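*Asks:* One file is attached below, target_33.cif, containing mmCIF, C-alpha atoms.
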data_work
#
loop_
_atom_site.label_atom_id
_atom_site.label_comp_id
_atom_site.auth_asym_id
_atom_site.auth_seq_id
_atom_site.Cartn_x
_atom_site.Cartn_y
_atom_site.Cartn_z
CA MET T 498 119.43 123.54 71.90
CA THR T 499 121.18 120.17 72.30
CA VAL T 500 123.69 120.04 75.14
CA LEU T 501 126.90 118.19 74.30
CA ASP T 502 129.24 116.61 76.77
CA HIS T 503 132.94 117.41 77.02
CA LYS T 504 133.64 115.06 74.09
CA GLY T 505 130.99 116.60 71.88
CA VAL T 506 128.63 113.64 72.35
CA ARG T 507 124.94 114.11 73.04
CA PRO T 508 124.08 112.61 76.46
CA LEU T 509 121.92 109.51 76.46
CA MET T 510 118.22 110.32 76.50
CA THR T 511 116.08 109.15 79.41
CA HIS T 512 112.43 108.27 79.52
CA ALA T 513 111.85 110.65 82.44
CA PRO T 514 109.63 113.66 81.98
CA ALA T 515 110.14 116.74 84.09
CA ALA T 516 109.10 115.85 87.63
CA ASP T 517 109.03 117.58 90.99
CA THR T 518 108.43 114.48 93.13
CA PRO T 519 111.00 111.71 93.66
CA ASP T 520 108.94 108.72 92.46
CA LEU T 521 111.27 105.88 93.49
CA SER T 522 109.85 103.30 91.09
CA ALA T 523 110.25 105.75 88.21
CA VAL T 524 113.86 106.38 89.24
CA ARG T 525 114.59 102.68 88.98
CA LEU T 526 112.97 102.36 85.56
CA ASN T 527 114.82 105.37 84.20
CA VAL T 528 118.19 104.33 85.59
CA ASP T 529 117.69 100.83 84.16
CA ALA T 530 116.94 102.33 80.75
CA LEU T 531 119.98 104.59 80.94
CA LEU T 532 122.30 101.73 81.87
CA ASN T 533 120.98 99.53 79.07
CA GLU T 534 121.37 102.32 76.51
CA PHE T 535 124.86 103.11 77.77
CA LEU T 536 126.01 99.48 77.57
CA ASP T 537 124.43 99.09 74.13
CA ARG T 538 126.46 102.07 72.94
CA LYS T 539 129.65 100.67 74.49
CA ALA T 540 129.01 97.28 72.87
CA GLN T 541 128.66 98.92 69.47
CA VAL T 542 132.12 100.47 69.71
CA ALA T 543 133.86 97.57 71.49
CA PRO T 544 137.21 96.82 69.84
CA GLY T 545 136.47 93.10 69.48
CA SER T 546 133.94 90.32 70.04
CA GLU T 547 136.20 88.87 72.75
CA MET T 548 134.60 91.38 75.13
CA THR T 549 131.18 89.72 74.85
CA PRO T 550 131.56 87.70 78.08
CA LEU T 551 132.48 90.89 79.94
CA PHE T 552 129.35 92.65 78.74
CA SER T 553 127.23 89.62 79.62
CA ALA T 554 128.63 89.37 83.14
CA LEU T 555 128.08 93.08 83.79
CA ARG T 556 124.53 93.04 82.42
CA ARG T 557 123.65 90.06 84.65
CA LEU T 558 124.96 91.89 87.69
CA LEU T 559 123.07 95.06 86.84
CA ASP T 560 119.81 93.22 86.14
CA SER T 561 118.77 92.78 89.76
CA GLY T 562 120.24 95.60 91.87
CA LYS T 563 118.16 97.50 94.43
CA ARG T 564 119.09 100.88 92.87
CA LEU T 565 119.34 102.31 96.39
CA ARG T 566 122.14 104.72 95.54
CA PRO T 567 120.42 106.16 92.45
CA GLN T 568 117.20 106.58 94.42
CA LEU T 569 119.07 108.41 97.17
CA CYS T 570 120.84 110.60 94.63
CA VAL T 571 117.58 111.68 93.02
CA ALA T 572 115.88 112.06 96.42
CA GLY T 573 118.81 114.25 97.48
CA TRP T 574 118.34 116.39 94.39
CA HIS T 575 114.71 116.96 95.32
CA ALA T 576 115.65 117.50 98.99
CA GLY T 577 118.07 120.20 97.87
CA GLY T 578 115.36 122.01 95.95
CA GLY T 579 115.82 120.46 92.51
CA GLN T 580 112.91 120.92 90.13
CA GLY T 581 112.07 120.30 86.50
CA ASP T 582 114.12 118.19 84.08
CA ARG T 583 115.81 115.30 85.89
CA SER T 584 117.90 114.08 82.96
CA ALA T 585 121.27 115.19 84.34
CA VAL T 586 120.72 113.89 87.87
CA LEU T 587 119.48 110.56 86.50
CA HIS T 588 122.71 110.23 84.50
CA VAL T 589 124.69 110.90 87.67
CA ALA T 590 122.54 108.38 89.53
CA ALA T 591 123.24 105.77 86.84
CA ALA T 592 126.97 106.50 87.13
CA LEU T 593 126.72 105.74 90.86
CA GLU T 594 125.11 102.39 90.05
CA LEU T 595 128.02 101.54 87.76
CA PHE T 596 130.40 102.48 90.55
CA GLN T 597 128.48 100.11 92.82
CA ALA T 598 128.84 97.35 90.22
CA PHE T 599 132.61 97.89 90.11
CA ALA T 600 132.76 97.62 93.90
CA LEU T 601 130.70 94.41 93.97
CA ILE T 602 132.77 92.73 91.26
CA HIS T 603 136.02 93.35 93.14
CA ASP T 604 134.44 92.58 96.53
CA ASP T 605 133.30 89.17 95.28
CA VAL T 606 136.81 88.44 94.02
CA MET T 607 138.29 89.43 97.39
CA ASP T 608 135.77 87.25 99.26
CA ALA T 609 135.93 84.36 96.75
CA SER T 610 132.13 84.45 96.66
CA ASP T 611 130.24 82.04 94.43
CA LEU T 612 126.87 83.80 94.27
CA ARG T 613 125.63 87.37 94.09
CA ARG T 614 121.88 88.09 93.92
CA GLY T 615 121.19 84.41 93.32
CA ARG T 616 123.48 84.19 90.29
CA PRO T 617 127.13 83.25 89.78
CA THR T 618 129.45 86.10 90.67
CA ALA T 619 131.30 87.78 87.83
CA HIS T 620 134.50 85.79 88.30
CA ARG T 621 132.56 82.51 88.38
CA ALA T 622 130.52 83.45 85.32
CA LEU T 623 133.64 84.45 83.42
CA ALA T 624 135.35 81.19 84.37
CA ALA T 625 132.36 79.26 82.99
CA ALA T 626 132.39 81.35 79.80
CA TYR T 627 136.09 80.57 79.38
CA ILE T 628 135.39 76.83 79.52
CA ASP T 629 132.42 77.19 77.16
CA GLY T 630 134.76 78.94 74.72
CA GLY T 631 137.17 76.00 74.70
CA GLY T 632 139.46 77.03 77.56
CA ARG T 633 141.12 74.47 79.81
CA ARG T 634 139.32 73.71 83.08
CA GLY T 635 142.59 73.84 84.98
CA ARG T 636 143.02 77.49 84.04
CA ALA T 637 139.39 78.54 84.32
CA GLU T 638 139.41 79.76 87.92
CA GLY T 639 142.46 81.95 87.44
CA HIS T 640 141.09 83.27 84.18
CA GLY T 641 137.77 84.12 85.84
CA VAL T 642 139.45 86.05 88.64
CA ASN T 643 141.74 87.96 86.30
CA ALA T 644 138.91 88.75 83.88
CA ALA T 645 136.70 89.96 86.75
CA ILE T 646 139.43 92.31 87.96
CA LEU T 647 139.61 93.76 84.45
CA LEU T 648 135.82 94.00 84.27
CA GLY T 649 135.74 95.84 87.59
CA ASP T 650 138.38 98.26 86.34
CA LEU T 651 136.46 98.80 83.11
CA THR T 652 133.20 99.38 85.00
CA LEU T 653 134.89 102.03 87.13
CA VAL T 654 136.13 103.77 83.99
CA TRP T 655 132.65 103.61 82.48
CA SER T 656 131.15 105.03 85.66
CA ASP T 657 133.40 108.04 85.22
CA ASP T 658 132.52 108.23 81.52
CA LEU T 659 128.80 108.28 82.29
CA LEU T 660 129.31 110.92 84.97
CA HIS T 661 131.22 113.22 82.63
CA SER T 662 128.70 112.76 79.81
CA ALA T 663 125.69 113.54 82.02
CA GLY T 664 125.10 116.92 80.41
CA LEU T 665 126.00 118.84 83.56
CA ARG T 666 127.02 122.44 83.33
CA PRO T 667 130.76 122.82 84.04
CA LYS T 668 130.17 124.53 87.41
CA ALA T 669 127.79 121.77 88.52
CA LEU T 670 130.31 119.10 87.54
CA LEU T 671 133.05 120.88 89.46
CA ARG T 672 130.80 121.01 92.54
CA ILE T 673 130.25 117.27 92.68
CA LEU T 674 133.63 115.91 91.55
CA PRO T 675 135.26 116.42 94.99
CA LEU T 676 132.37 114.51 96.58
CA VAL T 677 132.71 111.68 94.08
CA ASP T 678 136.46 111.51 94.70
CA THR T 679 135.94 111.39 98.46
CA MET T 680 133.30 108.69 98.10
CA ARG T 681 135.65 106.54 96.04
CA SER T 682 138.57 107.01 98.43
CA GLU T 683 136.48 106.27 101.51
CA LEU T 684 135.10 103.09 99.95
CA VAL T 685 138.63 101.81 99.36
CA TYR T 686 139.52 102.73 102.94
CA GLY T 687 136.49 100.88 104.24
CA GLN T 688 137.27 97.83 102.14
CA TYR T 689 140.84 97.86 103.43
CA LEU T 690 139.63 98.11 107.03
CA ASP T 691 137.38 95.14 106.32
CA LEU T 692 140.32 93.23 104.85
CA LEU T 693 142.48 93.97 107.88
CA SER T 694 139.77 92.85 110.30
CA THR T 695 138.78 89.66 108.48
CA ASP T 696 139.72 86.53 110.40
CA ARG T 697 140.86 88.67 113.37
CA LEU T 698 137.86 88.34 115.64
CA SER T 699 137.55 91.13 118.16
CA ASP T 700 135.01 92.22 120.75
CA ASP T 701 135.63 95.87 119.84
CA VAL T 702 132.20 97.04 118.69
CA GLU T 703 133.41 100.55 117.85
CA ALA T 704 136.13 99.17 115.56
CA ALA T 705 133.51 97.06 113.77
CA LEU T 706 131.26 100.12 113.44
CA ARG T 707 134.14 102.05 111.89
CA VAL T 708 134.28 99.48 109.11
CA VAL T 709 130.50 99.82 108.71
CA ARG T 710 130.71 103.61 108.37
CA TYR T 711 133.39 103.64 105.71
CA LYS T 712 132.60 100.45 103.81
CA THR T 713 128.86 101.06 103.60
CA ALA T 714 127.21 103.97 105.44
CA LYS T 715 129.03 106.82 103.75
CA TYR T 716 129.31 105.47 100.22
CA THR T 717 125.88 103.82 100.15
CA VAL T 718 123.77 106.56 101.72
CA GLU T 719 125.61 109.78 102.63
CA TRP T 720 127.51 110.52 99.43
CA PRO T 721 124.76 109.63 96.93
CA LEU T 722 122.32 111.79 98.92
CA ARG T 723 124.75 114.71 99.20
CA ILE T 724 125.80 114.48 95.55
CA GLY T 725 122.18 114.82 94.50
CA ALA T 726 121.62 117.71 96.90
CA VAL T 727 124.76 119.53 95.75
CA LEU T 728 123.63 119.16 92.13
CA ALA T 729 120.45 120.99 93.11
CA GLY T 730 122.43 123.80 94.77
CA ALA T 731 121.30 122.87 98.29
CA ALA T 732 121.95 125.28 101.14
CA PRO T 733 124.40 124.30 103.93
CA ASP T 734 121.63 123.45 106.40
CA ALA T 735 120.10 121.03 103.88
CA LEU T 736 123.47 119.37 103.30
CA ASP T 737 123.98 119.01 107.06
CA ALA T 738 120.54 117.40 107.32
CA CYS T 739 121.48 114.99 104.52
CA SER T 740 124.48 113.72 106.48
CA ALA T 741 122.58 113.63 109.78
CA PHE T 742 119.94 111.44 108.14
CA ALA T 743 122.32 109.33 106.06
CA LEU T 744 124.92 108.14 108.55
CA PRO T 745 122.63 106.38 111.03
CA LEU T 746 120.57 104.97 108.17
CA GLY T 747 123.70 103.70 106.41
CA GLU T 748 124.84 101.98 109.59
CA ALA T 749 121.41 100.40 110.02
CA PHE T 750 121.54 99.20 106.40
CA GLN T 751 124.85 97.39 106.95
CA LEU T 752 123.79 95.98 110.32
CA ARG T 753 120.75 94.48 108.57
CA ASP T 754 123.09 93.07 105.93
CA ASP T 755 125.19 91.45 108.66
CA LEU T 756 122.13 89.77 110.14
CA LEU T 757 120.96 88.57 106.72
CA GLY T 758 124.40 87.11 106.04
CA VAL T 759 124.00 84.83 109.05
CA PHE T 760 120.26 84.39 109.56
CA GLY T 761 118.78 85.27 106.17
CA ASP T 762 116.96 83.00 103.73
CA PRO T 763 119.27 82.18 100.79
CA ALA T 764 116.24 82.21 98.49
CA GLU T 765 115.76 85.87 99.45
CA THR T 766 119.35 87.05 99.88
CA GLY T 767 120.73 85.29 96.79
CA LYS T 768 123.79 84.16 98.77
CA PRO T 769 124.56 81.00 100.77
CA VAL T 770 123.82 81.47 104.46
CA GLY T 771 126.92 81.56 106.63
CA ASP T 772 129.36 83.00 104.09
CA ASP T 773 130.33 85.79 106.51
CA ILE T 774 131.06 83.15 109.16
CA ARG T 775 133.23 81.10 106.81
CA GLU T 776 135.08 84.24 105.67
CA GLY T 777 135.70 85.35 109.26
CA LYS T 778 134.02 88.76 108.95
CA SER T 779 134.59 90.76 112.14
CA THR T 780 131.12 92.28 112.29
CA VAL T 781 129.30 94.16 115.03
CA LEU T 782 127.21 91.02 115.49
CA MET T 783 130.30 88.94 116.15
CA ALA T 784 131.89 91.55 118.43
CA LEU T 785 128.77 91.65 120.59
CA ALA T 786 128.68 87.86 120.79
CA LEU T 787 132.31 87.76 121.93
CA GLN T 788 131.53 90.32 124.62
CA GLY T 789 128.66 88.28 126.05
CA ALA T 790 129.74 84.70 125.46
CA PRO T 791 130.98 82.36 128.20
CA ALA T 792 134.48 80.98 127.79
CA ALA T 793 133.44 77.80 125.97
CA ASP T 794 131.37 79.72 123.42
CA LYS T 795 134.14 82.26 122.88
CA GLN T 796 136.47 79.38 122.09
CA LEU T 797 133.91 77.94 119.67
CA LEU T 798 133.67 81.26 117.84
CA ARG T 799 137.41 81.75 117.66
CA THR T 800 137.88 78.18 116.39
CA MET T 801 135.10 78.07 113.82
CA VAL T 802 134.66 81.60 112.49
CA GLY T 803 136.96 82.07 109.52
CA SER T 804 137.15 78.38 108.62
CA PRO T 805 136.09 77.89 104.97
CA ASP T 806 135.23 74.21 105.46
CA LEU T 807 132.44 74.61 108.00
CA THR T 808 129.47 72.28 107.61
CA ASP T 809 125.87 73.37 107.92
CA ASP T 810 125.87 71.90 111.44
CA ASP T 811 128.91 74.02 112.32
CA ILE T 812 127.16 77.15 111.02
CA ALA T 813 124.13 76.24 113.12
CA ARG T 814 126.33 76.01 116.23
CA VAL T 815 127.78 79.47 115.58
CA ARG T 816 124.32 80.85 114.97
CA GLY T 817 123.23 79.32 118.28
CA VAL T 818 125.92 81.29 120.09
CA LEU T 819 124.93 84.51 118.33
CA GLU T 820 121.35 83.91 119.44
CA GLY T 821 122.17 82.70 122.94
CA THR T 822 124.36 85.65 123.84
CA GLY T 823 121.66 88.08 122.78
CA ALA T 824 123.91 89.52 120.04
CA ARG T 825 121.27 89.11 117.35
CA GLN T 826 118.63 90.88 119.44
CA HIS T 827 121.10 93.64 120.32
CA VAL T 828 121.82 94.29 116.65
CA GLU T 829 118.08 94.44 115.92
CA LYS T 830 117.79 97.15 118.59
CA MET T 831 120.74 99.02 117.08
CA ILE T 832 119.02 98.93 113.68
CA SER T 833 115.78 100.28 115.13
CA ALA T 834 117.55 103.02 117.08
CA ARG T 835 119.48 104.18 114.02
CA ARG T 836 116.42 104.10 111.79
CA ASP T 837 114.51 106.14 114.37
CA ALA T 838 117.39 108.63 114.59
CA ALA T 839 117.40 109.04 110.80
CA LEU T 840 113.64 109.51 110.66
CA ALA T 841 113.79 112.07 113.49
CA VAL T 842 116.14 114.18 111.36
CA LEU T 843 113.46 114.38 108.68
CA ASP T 844 111.04 115.92 111.16
CA GLN T 845 113.24 119.04 111.28
CA ALA T 846 115.04 118.89 107.91
CA PRO T 847 114.50 121.82 105.49
CA PHE T 848 113.38 119.45 102.73
CA PRO T 849 110.25 119.64 100.56
CA THR T 850 107.52 117.38 101.90
CA ALA T 851 107.67 115.01 98.93
CA ALA T 852 111.44 114.55 99.33
CA SER T 853 111.07 113.75 103.03
CA ALA T 854 108.36 111.22 102.21
CA ALA T 855 110.64 109.50 99.70
CA LEU T 856 113.48 109.37 102.22
CA ARG T 857 111.13 107.85 104.82
CA GLU T 858 110.21 105.18 102.30
CA ILE T 859 113.88 104.47 101.58
CA ALA T 860 114.63 104.23 105.32
CA GLU T 861 111.95 101.60 105.81
CA ILE T 862 113.01 99.57 102.78
CA ALA T 863 116.69 99.69 103.75
CA THR T 864 116.17 98.47 107.32
CA VAL T 865 113.38 95.88 107.13
CA ARG T 866 114.50 94.20 103.90
CA GLN T 867 115.03 90.45 103.54
CA SER T 868 117.60 90.59 100.73
#
Take the structure I supplied and represent it as structure tokens, if you would.

*Replies:*
Amino acid sequence: MTVLDHKGVRPLMTHAPAADTPDLSAVRLNVDALLNEFLDRKAQVAPGSEMTPLFSALRRLLDSGKRLRPQLCVAGWHAGGGQGDRSAVLHVAAALELFQAFALIHDDVMDASDLRRGRPTAHRALAAAYIDGGGRRGRAEGHGVNAAILLGDLTLVWSDDLLHSAGLRPKALLRILPLVDTMRSELVYGQYLDLLSTDRLSDDVEAALRVVRYKTAKYTVEWPLRIGAVLAGAAPDALDACSAFALPLGEAFQLRDDLLGVFGDPAETGKPVGDDIREGKSTVLMALALQGAPAADKQLLRTMVGSPDLTDDDIARVRGVLEGTGARQHVEKMISARRDAALAVLDQAPFPTAASAALREIAEIATVRQS
């Protein structure tokens, strides 16, 4: 019997057979297929050809994502005891990837970023498309920003559409909707904390970690994992283990991101090195440096960090302080300690062996990555 969604539409088919092991590479392939099919369907019913640049910008962004959140969602489903047909959980996982795309589009607008994953950010791509279509160069930047805001809004709506057309039974949908709502609200809170702290350098490590928890740790790791587990009908002890694993891992993930933003290879990260310094991000890395820096170096940090016109030599000077104070090494130790804490949870977690193995793999990828 064909299951229809709440609008009477058959959910998109996946290429995933029934499976009882969370094969991470298969999750990526299936989520990619789902997203492509979903966008193809949306393009077919688009009200006008004017939307073509929006579709193109979104497809470019989705082409190269890590699919971390979908992998965690499916791993959570297996950790919670899920078995058999994964179609519904894969649809939910794909909806989480669309939510991530919405967040990235708006984040890049807020940060005025030029590159994302080695390609022009959505607002830059849409500005270029506007010029290619005959628009005036003097209006291109504003058009790109405004169009990207609309694209982000549309992507959020589509994320919700994909979630509600996942073929979930009504009770299952009602179980996860409060988690999805909390995830969305906490992301906005984390982004706002980040906005408030930008260009206000502080040596308060705990305040910087609070931004990490809400901007990244909870929405990147905890909620996708718990959403998957709740879909599977996980018991309370399994849900507690999900959070105990996810929060330290999510913090480690963002701490790695902070290091890559300053010390990473642009060819690997897809973003210019030093963007966080120019934007004045008040990261844990920067807070630790301020704690340990002598007066002259503190003055250098407070003068340079947050200046958009820094040269490569200026960035190198800031990086020298971050190295010299031991802040970089301290953050590496924090990453290792949090990864170890997350892995230790798996030793006692009531998860199937295959699910624990997948989560161990995710933990390693998330903390030793170079992009």

*Asks:* Report as a ChimeraX atom specification the residues that result from applying the PyMOL selection byres ((chain T and resi 601) around 12) to the structure here.

*Replies:* /T:555,558-559,562,594-600,602-610,612-614,618-620,645-646,648-650,652-653,684,688,712-713

*Asks:* Please save C-alpha atoms of the selected residues as a PDB file, in the frame of the given file.

*Replies:*
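This went into out.pdb:
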ATOM      1  CA  LEU T 555     128.080  93.080  83.790  1.00  0.00           C
ATOM      2  CA  LEU T 558     124.960  91.890  87.690  1.00  0.00           C
ATOM      3  CA  LEU T 559     123.070  95.060  86.840  1.00  0.00           C
ATOM      4  CA  GLY T 562     120.240  95.600  91.870  1.00  0.00           C
ATOM      5  CA  GLU T 594     125.110 102.390  90.050  1.00  0.00           C
ATOM      6  CA  LEU T 595     128.020 101.540  87.760  1.00  0.00           C
ATOM      7  CA  PHE T 596     130.400 102.480  90.550  1.00  0.00           C
ATOM      8  CA  GLN T 597     128.480 100.110  92.820  1.00  0.00           C
ATOM      9  CA  ALA T 598     128.840  97.350  90.220  1.00  0.00           C
ATOM     10  CA  PHE T 599     132.610  97.890  90.110  1.00  0.00           C
ATOM     11  CA  ALA T 600     132.760  97.620  93.900  1.00  0.00           C
ATOM     12  CA  ILE T 602     132.770  92.730  91.260  1.00  0.00           C
ATOM     13  CA  HIS T 603     136.020  93.350  93.140  1.00  0.00           C
ATOM     14  CA  ASP T 604     134.440  92.580  96.530  1.00  0.00           C
ATOM     15  CA  ASP T 605     133.300  89.170  95.280  1.00  0.00           C
ATOM     16  CA  VAL T 606     136.810  88.440  94.020  1.00  0.00           C
ATOM     17  CA  MET T 607     138.290  89.430  97.390  1.00  0.00           C
ATOM     18  CA  ASP T 608     135.770  87.250  99.260  1.00  0.00           C
ATOM     19  CA  ALA T 609     135.930  84.360  96.750  1.00  0.00           C
ATOM     20  CA  SER T 610     132.130  84.450  96.660  1.00  0.00           C
ATOM     21  CA  LEU T 612     126.870  83.800  94.270  1.00  0.00           C
ATOM     22  CA  ARG T 613     125.630  87.370  94.090  1.00  0.00           C
ATOM     23  CA  ARG T 614     121.880  88.090  93.920  1.00  0.00           C
ATOM     24  CA  THR T 618     129.450  86.100  90.670  1.00  0.00           C
ATOM     25  CA  ALA T 619     131.300  87.780  87.830  1.00  0.00           C
ATOM     26  CA  HIS T 620     134.500  85.790  88.300  1.00  0.00           C
ATOM     27  CA  ALA T 645     136.700  89.960  86.750  1.00  0.00           C
ATOM     28  CA  ILE T 646     139.430  92.310  87.960  1.00  0.00           C
ATOM     29  CA  LEU T 648     135.820  94.000  84.270  1.00  0.00           C
ATOM     30  CA  GLY T 649     135.740  95.840  87.590  1.00  0.00           C
ATOM     31  CA  ASP T 650     138.380  98.260  86.340  1.00  0.00           C
ATOM     32  CA  THR T 652     133.200  99.380  85.000  1.00  0.00           C
ATOM     33  CA  LEU T 653     134.890 102.030  87.130  1.00  0.00           C
ATOM     34  CA  LEU T 684     135.100 103.090  99.950  1.00  0.00           C
ATOM     35  CA  GLN T 688     137.270  97.830 102.140  1.00  0.00           C
ATOM     36  CA  LYS T 712     132.600 100.450 103.810  1.00  0.00           C
ATOM     37  CA  THR T 713     128.860 101.060 103.600  1.00  0.00           C
TER      38      THR T 713
END

*Asks:* With distances taken over only C-alpha atoms, which residue among T:Glu703, T:Val727, T:Ala790, T:Gln867 lies nearest Gly767 (chain T)?

*Replies:*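 Smallest distance to Gly767 (chain T) is found for T:Gln867.
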
*Asks:* CA of Ala738 (chain T) to CA of Val842 (chain T): how many Å, to one decimal?

*Replies:*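 Rounded to one decimal, the two atoms are 6.8 Å apart.
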
*Asks:* Closest to Gly789 (chain T) among T:Arg621, T:Arg825, T:Arg707, T:His575, using all atoms listed in the file?

*Replies:*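 Under the stated criterion, the closest residue is T:Arg825.
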
*Asks:* If the PyMOL selection byres ((chain T and resi 838) around 12) is run on the structure shown, which residues does it catch, given as JSON, numbers by chain?

*Replies:* {"T": [738, 740, 741, 742, 743, 744, 745, 746, 747, 748, 749, 831, 832, 833, 834, 835, 836, 837, 839, 840, 841, 842, 843, 844, 845, 857, 860]}

*Asks:* Let me know the residues the PyMOL selection byres ((chain T and resi 758) around 8) catches in the file above, as number ranges by chain.

*Replies:* T: 754-757, 759-761, 766, 768, 770-773

*Asks:* Do a neighbour search on Val709 (chain T) at 9 Å with all atoms listed in the file, toss out local chain neighbours closer than 2 positions, and write the hits as number ranges by chain.

*Replies:* T: 687, 691, 704-707, 711-715, 747-748, 751-752, 780-781

*Asks:* Counting only C-alpha atoms, figure out which residue out of T:Ala572, T:Val685, T:Leu676, T:Val589 gets nearest to Ser522 (chain T).

*Replies:*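 Smallest separation from Ser522 (chain T) among the options: T:Ala572.
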
*Asks:* Between T:Leu659, T:Leu807, T:Leu787, T:Ala732, which has the minimum distance to Pro847 (chain T) (counting all atoms listed in the file)?

*Replies:*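 Closest residue, counting all atoms listed in the file: T:Ala732.
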
*Asks:* Could you list, as a PyMOL selection string, every residue within 12 Å of Glu820 (chain T), counting only C-alpha atoms and ignoring same-chain residues fewer than 2 positions away?

*Replies:* chain T and resi 756+759-760+782-783+785-787+789-790+794+813-818+822-829

*Asks:* Could you pull the residues within 12 Å of Leu670 (chain T), counting all atoms listed in the file, minus those fewer than 4 positions along the same chain, as a short mmCIF file (atom, residue, chain, number, x, y, z; two decimals) with C-alpha atoms, in the coordinates of the input?

*Replies:*
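Below is the file out34.cif, written as the result:
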data_model
loop_
_atom_site.label_atom_id
_atom_site.label_comp_id
_atom_site.auth_asym_id
_atom_site.auth_seq_id
_atom_site.Cartn_x
_atom_site.Cartn_y
_atom_site.Cartn_z
CA ASP T 502 129.24 116.61 76.77
CA HIS T 503 132.94 117.41 77.02
CA ALA T 585 121.27 115.19 84.34
CA VAL T 586 120.72 113.89 87.87
CA VAL T 589 124.69 110.90 87.67
CA ASP T 657 133.40 108.04 85.22
CA LEU T 660 129.31 110.92 84.97
CA HIS T 661 131.22 113.22 82.63
CA SER T 662 128.70 112.76 79.81
CA ALA T 663 125.69 113.54 82.02
CA GLY T 664 125.10 116.92 80.41
CA LEU T 665 126.00 118.84 83.56
CA ARG T 666 127.02 122.44 83.33
CA LEU T 674 133.63 115.91 91.55
CA PRO T 675 135.26 116.42 94.99
CA LEU T 676 132.37 114.51 96.58
CA VAL T 677 132.71 111.68 94.08
CA ILE T 724 125.80 114.48 95.55
CA GLY T 725 122.18 114.82 94.50
CA VAL T 727 124.76 119.53 95.75
CA LEU T 728 123.63 119.16 92.13
CA ALA T 729 120.45 120.99 93.11
CA GLY T 730 122.43 123.80 94.77
#

*Asks:* Have a look at CA of Val865 (chain T) and CA of Arg753 (chain T) and let me know their distance in Å, one decimal.

*Replies:*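 Distance reported for this atom pair: 7.6 Å.
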